[in-house]
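Trainee: Right, I'll just put the structure down here and ask away after.
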Amino acid sequence: MLLRGMQPGQWAQLIGNSCRRVASGSQHVFLCVADHYEPDWGSADEDVRIERVERWVRDYPPSVAGLEDSLGRPPQHTFFFPLEEYRPRLLDRLAELCRGGFGEVEVHLHHDNDTSAQLREKLDWFRETLYEKHGLLHRDAQGQIRYAFIHGNWALDNSDPGGHWCGVNDELNVLRETGCYADLTMPAAPHPCQTRTINSIYYAIDDPERPKSHDTGTPAAVGRRPRADELLMIQGPLALDWRDRKAGVLPRLENADLHARRPPSAHRLDLWLQAGVHVQRRPEWTFIKLHTHGAKPPNADVLLGPPMRELHQELARRAQMNQDFHYYYVTARQMAKLVHAAEEHVTDPRDALDSRLEGK
């Protein structure tokens with residue numbers, strides 16, 4: 001089934017997006033690559049895990065050499081590293097790459113049949129370890145260590161219909177209380193963990209008695225101040241690709257996943273732009289959150305090779321052809337801060353990037 005569990009309204013929205021044209025006028029595009037970075041993939045042994053990480057440390061800088069966004073900054077990569085795969089040597093090497101100005105590390109977790117207390121203990125430990133031992137993550141103005149989160153197996157807030165891969169109905173509260181500033185798990189389609197809310201930046205409030213509290217929420221909007229009990233949800237684009245049809249008839253799903261069988265392209269960029277993920281009342285700011293599993297060798301071939309470089313070159317070409325088109329490479333942390341900048345009536349994202357995001 002193409003989109004298991006999708007509601008009629010979601011189909012209508014996806015079809016509408018596929019016909020949508022990007023508005024004329026000034027456009028600011030924020031590109032974030034959120035990597036479910038799993039060196040253990042395929043039950044790899046230690047030597048393989050090390051080589052997978054070393055490949056990124058060695059090859060990422062030359063793969064983006066000479067590329068820059070509208071502010072002259074290189075492409076950024078956000079490594080969501082699995083808590084359960086923690087190995088100091090691997091984190092130290094990724095930290096070196098990030099200190100070179102190429103990205104940041106955030107928190108990823110696969111778990112099953114867990115409890116709130118156990119989850120809180122794990123997240124507290126991993127957050128402190130990343131910050132204290134590896135110089136990763138950041139403290140906010142109140143001194144709290146903050147992190148972004150992606151849930152393994154898409155099962156955020158115990159949302160898997162079969163009851164697997166989580167177990168914690170109050171997971172959103174646990175995340176928020178342990179320093180999570182945003183969740184970037186969605187989209188999950190065609191997986192049944194997909195939320196009813198699509199192509200959105202919004203805030204979810206946890207119902208501790210029920211799973212999948214992030215199924216709906218309150219949209220982020222200019223002038224709206226988030227509540228203390230809300231968790232920011234940043235979704236990637238979800239669309240129908242009518243150019244690539246299953247059996248020559250049904251459109252394939254565009255879910256912003258970068259992998260060997262579906263590399264980035266100018267056509268996919270058009271679909272991401274048409275999805276129009278934005279903060280309400282700031283439609284000229286387009287948020288494109290892509291996801292991938294970059295430790296898998298076939299995917300690394302794409303991400304560190306010509307296909308990804310060609311995407312960056314396509315962005316540069318569009319900016320050269322259109323003086324109103326601006327693009328920015330951002331980490332997950334910077335994308336979340338841009339959401340808050342939009343909420344606070346900032347109209348030029350360059351001001352936000354210069355004054356609010358750098359050096360924090």
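Going by the structure tokens order, chains are called A, B, ..., each with residues numbered from 1, while ligands are numbered from 1 in the order shown.
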What's around segment 199-211 of chain A at 10 Å? Count only C-alpha atoms, leave out sequence neighbours fewer than 3 positions away in its own chain, and write the answer as a ChimeraX atom specification.

Mentor: /A:10,13-14,17,155-161,163,166-174,176,182-184,186-187,214-221,226-239,272,275-280,287-288,336,339

Trainee: Please return as a PyMOL selection string: the residues of segment 25-217 of chain A that backbone DSSP assigns to alpha helix (DSSP H).

Mentor: chain A and resi 46-63+88-97+116-134+171-177

Trainee: How would the residues just chosen look if you wrote them out with N, CA and C atoms as a compact mmCIF listing (two decimals), in the first residue's frame?

Mentor:
# COMPACT_ATOMS: atom_id res chain seq x y z
N GLU A 46 33.67 -4.18 14.94
CA GLU A 46 34.31 -2.93 15.33
C GLU A 46 35.11 -2.30 14.20
N ASP A 47 35.83 -3.10 13.46
CA ASP A 47 36.63 -2.55 12.36
C ASP A 47 35.76 -1.88 11.31
N VAL A 48 34.62 -2.49 11.00
CA VAL A 48 33.72 -1.91 10.01
C VAL A 48 33.12 -0.61 10.52
N ARG A 49 32.72 -0.61 11.79
CA ARG A 49 32.15 0.62 12.37
C ARG A 49 33.15 1.76 12.30
N ILE A 50 34.39 1.47 12.65
CA ILE A 50 35.43 2.51 12.62
C ILE A 50 35.64 3.02 11.20
N GLU A 51 35.68 2.13 10.24
CA GLU A 51 35.91 2.55 8.86
C GLU A 51 34.75 3.39 8.33
N ARG A 52 33.53 3.06 8.73
CA ARG A 52 32.39 3.86 8.29
C ARG A 52 32.50 5.30 8.79
N VAL A 53 32.89 5.46 10.03
CA VAL A 53 33.05 6.81 10.57
C VAL A 53 34.25 7.50 9.96
N GLU A 54 35.35 6.77 9.83
CA GLU A 54 36.56 7.37 9.25
C GLU A 54 36.31 7.83 7.82
N ARG A 55 35.48 7.11 7.10
CA ARG A 55 35.17 7.54 5.73
C ARG A 55 34.53 8.92 5.72
N TRP A 56 33.61 9.16 6.66
CA TRP A 56 32.96 10.48 6.71
C TRP A 56 33.94 11.56 7.14
N VAL A 57 34.76 11.26 8.13
CA VAL A 57 35.74 12.24 8.59
C VAL A 57 36.73 12.58 7.48
N ARG A 58 37.10 11.58 6.72
CA ARG A 58 38.08 11.76 5.64
C ARG A 58 37.48 12.41 4.40
N ASP A 59 36.26 11.97 4.03
CA ASP A 59 35.72 12.33 2.72
C ASP A 59 34.72 13.48 2.71
N TYR A 60 34.13 13.79 3.86
CA TYR A 60 33.12 14.85 3.82
C TYR A 60 33.71 16.21 3.46
N PRO A 61 34.81 16.65 4.09
CA PRO A 61 35.34 17.98 3.72
C PRO A 61 35.65 18.12 2.23
N PRO A 62 36.37 17.17 1.60
CA PRO A 62 36.60 17.35 0.16
C PRO A 62 35.32 17.24 -0.68
N SER A 63 34.31 16.51 -0.18
CA SER A 63 33.08 16.36 -0.95
C SER A 63 32.31 17.67 -1.06
N PRO A 88 32.98 5.77 22.52
CA PRO A 88 33.71 7.03 22.64
C PRO A 88 34.58 7.35 21.44
N ARG A 89 35.27 6.37 20.91
CA ARG A 89 36.19 6.64 19.79
C ARG A 89 35.44 7.20 18.59
N LEU A 90 34.27 6.66 18.30
CA LEU A 90 33.51 7.13 17.14
C LEU A 90 32.99 8.54 17.36
N LEU A 91 32.52 8.83 18.56
CA LEU A 91 32.03 10.19 18.84
C LEU A 91 33.15 11.20 18.82
N ASP A 92 34.32 10.82 19.29
CA ASP A 92 35.47 11.74 19.25
C ASP A 92 35.81 12.11 17.81
N ARG A 93 35.74 11.15 16.92
CA ARG A 93 36.07 11.44 15.52
C ARG A 93 35.01 12.32 14.87
N LEU A 94 33.74 12.05 15.13
CA LEU A 94 32.69 12.91 14.59
C LEU A 94 32.78 14.32 15.17
N ALA A 95 33.15 14.42 16.44
CA ALA A 95 33.31 15.73 17.06
C ALA A 95 34.40 16.54 16.35
N GLU A 96 35.47 15.88 15.94
CA GLU A 96 36.53 16.57 15.20
C GLU A 96 36.00 17.12 13.89
N LEU A 97 35.21 16.33 13.18
CA LEU A 97 34.62 16.78 11.92
C LEU A 97 33.71 17.99 12.16
N SER A 116 9.23 5.18 31.42
CA SER A 116 9.56 6.60 31.50
C SER A 116 10.84 6.81 32.30
N ALA A 117 10.95 6.13 33.42
CA ALA A 117 12.12 6.30 34.28
C ALA A 117 13.39 5.84 33.59
N GLN A 118 13.33 4.69 32.92
CA GLN A 118 14.51 4.18 32.22
C GLN A 118 14.90 5.11 31.08
N LEU A 119 13.90 5.60 30.34
CA LEU A 119 14.18 6.51 29.24
C LEU A 119 14.83 7.79 29.74
N ARG A 120 14.29 8.34 30.81
CA ARG A 120 14.86 9.57 31.37
C ARG A 120 16.32 9.36 31.78
N GLU A 121 16.60 8.24 32.40
CA GLU A 121 17.98 7.95 32.83
C GLU A 121 18.91 7.86 31.63
N LYS A 122 18.47 7.19 30.56
CA LYS A 122 19.29 7.06 29.36
C LYS A 122 19.59 8.42 28.74
N LEU A 123 18.54 9.22 28.58
CA LEU A 123 18.72 10.51 27.92
C LEU A 123 19.59 11.45 28.76
N ASP A 124 19.38 11.44 30.06
CA ASP A 124 20.22 12.28 30.94
C ASP A 124 21.69 11.88 30.80
N TRP A 125 21.94 10.57 30.81
CA TRP A 125 23.33 10.09 30.70
C TRP A 125 23.94 10.47 29.36
N PHE A 126 23.21 10.24 28.27
CA PHE A 126 23.78 10.48 26.94
C PHE A 126 24.00 11.96 26.70
N ARG A 127 23.04 12.78 27.13
CA ARG A 127 23.19 14.23 26.97
C ARG A 127 24.42 14.73 27.71
N GLU A 128 24.59 14.31 28.95
CA GLU A 128 25.75 14.74 29.73
C GLU A 128 27.05 14.21 29.12
N THR A 129 27.02 12.97 28.63
CA THR A 129 28.22 12.37 28.05
C THR A 129 28.64 13.10 26.78
N LEU A 130 27.70 13.38 25.90
CA LEU A 130 28.04 14.09 24.67
C LEU A 130 28.64 15.45 24.97
N TYR A 131 28.09 16.13 25.95
CA TYR A 131 28.57 17.48 26.26
C TYR A 131 29.90 17.45 27.03
N GLU A 132 29.95 16.68 28.08
CA GLU A 132 31.11 16.71 28.97
C GLU A 132 32.33 15.98 28.39
N LYS A 133 32.12 14.85 27.73
CA LYS A 133 33.23 14.03 27.26
C LYS A 133 33.65 14.32 25.82
N HIS A 134 32.71 14.85 25.02
CA HIS A 134 33.00 14.99 23.59
C HIS A 134 32.85 16.43 23.08
N GLU A 171 6.49 10.02 26.30
CA GLU A 171 7.84 10.26 25.79
C GLU A 171 8.08 11.72 25.45
N LEU A 172 7.08 12.42 24.95
CA LEU A 172 7.27 13.84 24.62
C LEU A 172 7.63 14.63 25.87
N ASN A 173 6.97 14.34 26.98
CA ASN A 173 7.28 15.04 28.23
C ASN A 173 8.70 14.72 28.70
N VAL A 174 9.07 13.44 28.59
CA VAL A 174 10.43 13.05 29.01
C VAL A 174 11.46 13.76 28.16
N LEU A 175 11.24 13.82 26.86
CA LEU A 175 12.17 14.51 25.98
C LEU A 175 12.29 15.98 26.37
N ARG A 176 11.17 16.63 26.49
CA ARG A 176 11.17 18.07 26.78
C ARG A 176 11.87 18.35 28.12
N GLU A 177 11.57 17.53 29.13
CA GLU A 177 12.12 17.76 30.47
C GLU A 177 13.60 17.42 30.57

Trainee: I'd like to know which of A:Gly294, A:Ala300, A:Lys337, A:Leu271 is closest to Ala148 of chain A, using only C-alpha atoms.

Mentor: A:Lys337

Trainee: Considering only C-alpha atoms, state which residue in the set A:Asp301, A:Asp241, A:Glu84, A:Glu284 is at the smallest distance from Leu258 of chain A.

Mentor: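 With only C-alpha atoms as the atom set, the closest residue is A:Asp301.
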
Trainee: Name the residues in contact with Cys32 of chain A at a cut-off of 6 Å, using only C-alpha atoms, excluding same-chain residues fewer than 4 positions from it; report them as a ChimeraX atom specification.

Mentor: /A:289,330-331

Trainee: Could you pull out the strand (DSSP E or B) residues of segment 131-160 of chain A from DSSP and send them as a VMD selection string?

Mentor: chain A and resid 138 to 139 145 to 151

Trainee: For those residues, write all heavy atoms to a file as a PDB file, in the first residue's frame.

Mentor:
ATOM      1  N   HIS A 138      24.878  21.849  23.137  1.00  0.00           N
ATOM      2  CA  HIS A 138      25.025  23.237  23.564  1.00  0.00           C
ATOM      3  C   HIS A 138      24.200  23.497  24.813  1.00  0.00           C
ATOM      4  O   HIS A 138      23.194  22.824  25.051  1.00  0.00           O
ATOM      5  CB  HIS A 138      24.572  24.197  22.458  1.00  0.00           C
ATOM      6  CG  HIS A 138      25.404  24.127  21.224  1.00  0.00           C
ATOM      7  ND1 HIS A 138      25.260  23.111  20.282  1.00  0.00           N
ATOM      8  CD2 HIS A 138      26.401  24.923  20.772  1.00  0.00           C
ATOM      9  CE1 HIS A 138      26.143  23.300  19.306  1.00  0.00           C
ATOM     10  NE2 HIS A 138      26.834  24.380  19.581  1.00  0.00           N
ATOM     11  N   ARG A 139      24.622  24.447  25.592  1.00  0.00           N
ATOM     12  CA  ARG A 139      23.827  24.909  26.730  1.00  0.00           C
ATOM     13  C   ARG A 139      22.999  26.126  26.307  1.00  0.00           C
ATOM     14  O   ARG A 139      23.449  26.946  25.510  1.00  0.00           O
ATOM     15  CB  ARG A 139      24.722  25.301  27.909  1.00  0.00           C
ATOM     16  CG  ARG A 139      25.403  24.127  28.601  1.00  0.00           C
ATOM     17  CD  ARG A 139      26.061  24.575  29.893  1.00  0.00           C
ATOM     18  NE  ARG A 139      26.809  23.513  30.531  1.00  0.00           N
ATOM     19  CZ  ARG A 139      26.291  22.625  31.373  1.00  0.00           C
ATOM     20  NH1 ARG A 139      24.998  22.698  31.683  1.00  0.00           N
ATOM     21  NH2 ARG A 139      27.047  21.691  31.915  1.00  0.00           N
ATOM     22  N   ILE A 145      21.739  21.782  29.111  1.00  0.00           N
ATOM     23  CA  ILE A 145      22.236  21.161  27.884  1.00  0.00           C
ATOM     24  C   ILE A 145      21.031  20.771  27.033  1.00  0.00           C
ATOM     25  O   ILE A 145      20.127  20.079  27.495  1.00  0.00           O
ATOM     26  CB  ILE A 145      23.096  19.924  28.199  1.00  0.00           C
ATOM     27  CG1 ILE A 145      24.286  20.304  29.082  1.00  0.00           C
ATOM     28  CG2 ILE A 145      23.584  19.277  26.907  1.00  0.00           C
ATOM     29  CD1 ILE A 145      25.061  19.120  29.622  1.00  0.00           C
ATOM     30  N   ARG A 146      21.023  21.204  25.779  1.00  0.00           N
ATOM     31  CA  ARG A 146      19.893  20.977  24.895  1.00  0.00           C
ATOM     32  C   ARG A 146      20.272  20.047  23.749  1.00  0.00           C
ATOM     33  O   ARG A 146      21.436  19.997  23.333  1.00  0.00           O
ATOM     34  CB  ARG A 146      19.389  22.309  24.323  1.00  0.00           C
ATOM     35  CG  ARG A 146      19.085  23.379  25.374  1.00  0.00           C
ATOM     36  CD  ARG A 146      18.008  22.934  26.356  1.00  0.00           C
ATOM     37  NE  ARG A 146      16.746  22.637  25.691  1.00  0.00           N
ATOM     38  CZ  ARG A 146      15.820  23.556  25.397  1.00  0.00           C
ATOM     39  NH1 ARG A 146      16.046  24.840  25.657  1.00  0.00           N
ATOM     40  NH2 ARG A 146      14.693  23.205  24.809  1.00  0.00           N
ATOM     41  N   TYR A 147      19.279  19.358  23.220  1.00  0.00           N
ATOM     42  CA  TYR A 147      19.538  18.436  22.121  1.00  0.00           C
ATOM     43  C   TYR A 147      18.302  18.307  21.235  1.00  0.00           C
ATOM     44  O   TYR A 147      17.172  18.558  21.655  1.00  0.00           O
ATOM     45  CB  TYR A 147      19.934  17.055  22.652  1.00  0.00           C
ATOM     46  CG  TYR A 147      18.846  16.324  23.425  1.00  0.00           C
ATOM     47  CD1 TYR A 147      17.981  15.433  22.781  1.00  0.00           C
ATOM     48  CD2 TYR A 147      18.687  16.526  24.797  1.00  0.00           C
ATOM     49  CE1 TYR A 147      16.988  14.768  23.484  1.00  0.00           C
ATOM     50  CE2 TYR A 147      17.695  15.861  25.504  1.00  0.00           C
ATOM     51  CZ  TYR A 147      16.853  14.987  24.846  1.00  0.00           C
ATOM     52  OH  TYR A 147      15.866  14.326  25.536  1.00  0.00           O
ATOM     53  N   ALA A 148      18.533  17.927  19.988  1.00  0.00           N
ATOM     54  CA  ALA A 148      17.459  17.542  19.074  1.00  0.00           C
ATOM     55  C   ALA A 148      17.366  16.028  19.065  1.00  0.00           C
ATOM     56  O   ALA A 148      18.319  15.322  19.395  1.00  0.00           O
ATOM     57  CB  ALA A 148      17.724  18.066  17.665  1.00  0.00           C
ATOM     58  N   PHE A 149      16.205  15.519  18.632  1.00  0.00           N
ATOM     59  CA  PHE A 149      15.943  14.086  18.775  1.00  0.00           C
ATOM     60  C   PHE A 149      15.293  13.517  17.520  1.00  0.00           C
ATOM     61  O   PHE A 149      14.449  14.173  16.890  1.00  0.00           O
ATOM     62  CB  PHE A 149      15.006  13.857  19.969  1.00  0.00           C
ATOM     63  CG  PHE A 149      14.739  12.406  20.295  1.00  0.00           C
ATOM     64  CD1 PHE A 149      15.691  11.642  20.942  1.00  0.00           C
ATOM     65  CD2 PHE A 149      13.521  11.815  19.970  1.00  0.00           C
ATOM     66  CE1 PHE A 149      15.451  10.315  21.254  1.00  0.00           C
ATOM     67  CE2 PHE A 149      13.270  10.485  20.278  1.00  0.00           C
ATOM     68  CZ  PHE A 149      14.236   9.729  20.924  1.00  0.00           C
ATOM     69  N   ILE A 150      15.704  12.302  17.170  1.00  0.00           N
ATOM     70  CA  ILE A 150      15.012  11.488  16.171  1.00  0.00           C
ATOM     71  C   ILE A 150      14.812  10.102  16.765  1.00  0.00           C
ATOM     72  O   ILE A 150      15.754   9.490  17.278  1.00  0.00           O
ATOM     73  CB  ILE A 150      15.795  11.393  14.844  1.00  0.00           C
ATOM     74  CG1 ILE A 150      15.723  12.727  14.096  1.00  0.00           C
ATOM     75  CG2 ILE A 150      15.250  10.274  13.971  1.00  0.00           C
ATOM     76  CD1 ILE A 150      16.500  12.753  12.790  1.00  0.00           C
ATOM     77  N   HIS A 151      13.578   9.599  16.683  1.00  0.00           N
ATOM     78  CA  HIS A 151      13.242   8.297  17.257  1.00  0.00           C
ATOM     79  C   HIS A 151      13.508   7.184  16.255  1.00  0.00           C
ATOM     80  O   HIS A 151      13.143   7.281  15.084  1.00  0.00           O
ATOM     81  CB  HIS A 151      11.765   8.279  17.649  1.00  0.00           C
ATOM     82  CG  HIS A 151      11.414   7.235  18.655  1.00  0.00           C
ATOM     83  ND1 HIS A 151      11.463   5.880  18.376  1.00  0.00           N
ATOM     84  CD2 HIS A 151      11.018   7.337  19.948  1.00  0.00           C
ATOM     85  CE1 HIS A 151      11.109   5.200  19.452  1.00  0.00           C
ATOM     86  NE2 HIS A 151      10.830   6.052  20.420  1.00  0.00           N
TER      87      HIS A 151
END

Trainee: Counting only C-alpha atoms, which of A:Val302, A:Pro190, A:Trp285, A:Lys296 gets nearest to Glu254 of chain A?

Mentor: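 Closest residue, counting only C-alpha atoms: A:Pro190.
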
Trainee: For segment 66-71 of chain A, please output as a list of chain:residue names all residues within 8 Å (counting only C-alpha atoms; exclusion window: fewer than 6 positions along the same chain).

Mentor: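 The contact residues come out as A:His312, A:Gln313, A:Ala316, A:His326, A:Tyr327, A:Tyr328, A:Tyr329, A:Arg350.
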
Trainee: Take the residues that were just selected and, keeping C-alpha atoms, output them as a tab-separated table (two decimals), in the first residue's frame.

Mentor:
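Okay, this is what ended up in again_13.tsv:
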chain	number	residue	atom	x	y	z
A	312	HIS	CA	24.34	21.84	-4.00
A	313	GLN	CA	25.31	23.05	-7.45
A	316	ALA	CA	23.75	27.70	-6.49
A	326	HIS	CA	18.48	32.54	-1.20
A	327	TYR	CA	19.54	29.25	0.38
A	328	TYR	CA	21.17	28.42	3.68
A	329	TYR	CA	22.85	25.28	4.98
A	350	ARG	CA	20.45	36.49	7.64

Trainee: Could you check how far atom CA of His259 of chain A sits from atom CA of His36 of chain A, in Å to one decimal?

Mentor: 11.8 Å
